[in-house]
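What follows is a single structure, written as structure tokens, with notes after it.
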Amino acid sequence: MTVLKTENLSIQFGGLMAVANLNLDVKKGELIGLIGPNGAGKTTVFNMLTGVYKPTAGRILVQDRTGQLQDISRLHPYQITALGMARTFQNIRLFKNLTVLDNVRIGNHLNVKYNSVTGIFRLPGYYREQKRIDEECRALLKIFEIEHKSDELAKNLPYGEQRKLEIVRALATKPHILLLDEPAAGMNPQETLELMDLIKYIRERFDLTIILIEHDMKLVMGICERIVVLNYGRTIACGTPAEVAHDPLVIKAYLGKELENGA
Amino acid sequence: MSKKTNTIASALIVALFLILLNLLVWFRVIGEYTSQVLTIAGINAIIALGLNLISGFTGQLALGHAGFMAVGAYTTAALLMKVNLPMALAVLGGALMSALFGFLIGLPTLRLRGDYLAIVTLGFGEIIRVLMINLPELTGGPAGLKGIPTYTTNFAWRPVIPFALVYLALTLVVVLLNNLLNSSHGAAIVSIREDEIAANAMGVNVFYYKLFAFTLSAFIGGLGGALYAPFFGYLSPNMFNFQKSVEFLIIVVLGGMGNLTGTVVAGIGLTYLQEILRFLKDYRLVIYPVILIIVMLFQPSGIMGLFGNKEFSLTRLVSKMLGEKPLGGEESSDKAGEVQ
């Protein structure tokens, strides 16, 4: 069953075609890797999928909570999140001066059952709902083993835990599609291994479809079932990790170039 | 003792404190002059709290709160003089009118990201002032509006009633704002200040919450003005100039952006300081900027930054004095982190 589909998705910044004719067809439960050299347009794709950028051409169809495919190319980011697609950011965008728990509570925002008047006057039901939110958020933090830091400010967490918190916060929106933008950036090999297990685990646990952008080839090749390779905004390959790794175009554009430079 | 008992105990302490203050005013232990200064200080604190909601907590700079104060004050005066409404309704009407203005200004400007709100509110404040000058039938024009019915004409009650009302309103504004900010909706508001893009991606309808915060901010600003009109009994357009708006901003910055306690302390403190410095004549106007420069240089997070930017919490204090383990922020928002 298709949960996310793009049809000739393109975006142009002035004369620059950042992404051209991207056709994705993501099935439920898949784990897809989006790779490509720097500036290939990966994050731009995420920004279009989540409504930060409006595509100049093409359509994005996403399965909403009732199971219908819906065109989201004109929706605002918060509306797309409400449909069940959440994301993390490449350059961590936590609410730095808020506590870890508050970060997750804001992720949980769409599931708050009381209105602002109830919040201001603490009308009946407020405490019960607040307790429920609190417990839900702490349970999520527990999965990622950062529950004991609930009351610390987000900016005081070590880098790896900030990355984890971003994922927790995204999960708090109760998505069925999760977009991870370089989740392992800045992590050491040990942390990356743990993260791989964690990503597999949350996919099972929350019944997720995951698309991830990543430069760490070990992670991408290790957990992705399908990989899409972008270069200069164009899709140059698509297939299983093994197929992609042997694709001459990919080697030339991406892996080969890296080897020549001795990286 | 449970959390609930602590809250009730705190509420009782606040009530007793307010009653005590009023008794001091009633018996003229706090002189009539001092009580008047304190009343104005309370009004300034209320308006600054409104400004802090949009600028400190939501992160949208607003420079026209004197305008909202003017709308509240003149509306209340008109409702009292032309419509003969009862006092309570007139004050509420003034605040609501101001909220309406806030809503209408916010509707087009808050869709934009950045400092547009600052520019528009700056213009709004001036437009209101000029309008007040040029609508003599309603506002008395540049000469000002005289003969606004005051809260009471009874000699014994004269200083007590406005004082009691203003501090009751101040308490309510603090408690209700604190409730809001500790709720999930308040968290959504603060998330906009922290990172608008991330807030949006987390499902926060950024425009809605900005508009909500700004309208509420205008309401509180208008409430301050509405309380002011029947207290002073006279209004003039020049009371609500740009300098007045800046005064509120200084209170917010000095107290700490995004800190309710700081705003109340700075609001009352600065207003009082201005009265103490009256002997300096016009030079006292120099004091404000000097204070601001010193704060920006040495304590950019405001006075509450000295206390880790934590809100003062009576419930926490009560539970501590009773020798219990801290219960976490019930009446406090420990999360109101420092800005920049």
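Here, A, B, ... name the chains of the structure tokens in the order displayed, residue numbers run from 1 inside each chain, and ligands are numbered from 1 in the same displayed order.
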Just the helix (DSSP H, G or I) stuff from range 53-102 of chain B, please, per backbone DSSP, written as an NGL selection string. :B and (53-57 or 65-81 or 87-102)
Residue hits in chain A, query chain B, radius 6 Å, only C-alpha atoms, as a PyMOL selection string: chain A and resi 77-78+81+95+97-98+106-107+119-120
Two-atom distance - CA of Lys3 in chain B, CA of Met304 in chain B (Å):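 We find that CA of Lys3 in chain B and CA of Met304 in chain B lie 25.2 Å from each other.
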Smallest atom-to-atom distance to Pro162 in chain B: which of B:Ile43, B:Leu285, B:Leu100, B:Val83, using only C-alpha atoms?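 Among the listed residues, the smallest separation from Pro162 in chain B belongs to B:Ile43.
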Distance query Gln12 in chain A at most 9 Å, only C-alpha atoms, self and fewer than 3 positions along chain excluded, as a ChimeraX atom specification: /A:15-20,55-57
Pick out the closest residue to Ile11 in chain A from this set: A:Pro175, A:Asn111, A:Arg234, A:Ser116. Count only C-alpha atoms.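 Under the stated criterion, the closest residue is A:Arg234.
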8 Å contact set for Ala229 in chain B, only C-alpha atoms, chain neighbours under 5 positions out, as a PyMOL selection string: chain B and resi 73-74+76-77+148+150+234-235
Just list as a PyMOL selection string whatever in range 50-221 of chain A DSSP marks as strand (DSSP E). chain A and resi 57-63+69-71+85-87+177-181+209-213
Which of A:Cys137, A:Met187, A:Cys224, A:Met48 sits closest to Leu75 in chain A [using only C-alpha atoms]: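 Among the listed residues, A:Met48 lies closest to Leu75 in chain A.
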For range 119-134 of chain B, find every residue with an atom within 12 Å (counting only C-alpha atoms), except residues of its own chain fewer than 6 positions away, and show them as a ChimeraX atom specification. /B:51,54-55,60-75,98,101-110,112,140-145,214,218,235-246
So the first atom is CA of Met1 in chain A and the second is CA of Val26 in chain A; what is the distance between them in Å, to one decimal place?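 So the two atoms, CA of Met1 in chain A and CA of Val26 in chain A, lie 8.3 Å apart.
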The residue from A:Gly41, A:Arg87, A:Asn115, A:Thr6 with the smallest atom-to-atom distance to Gln70 in chain A, counting only C-alpha atoms, is A:Thr6
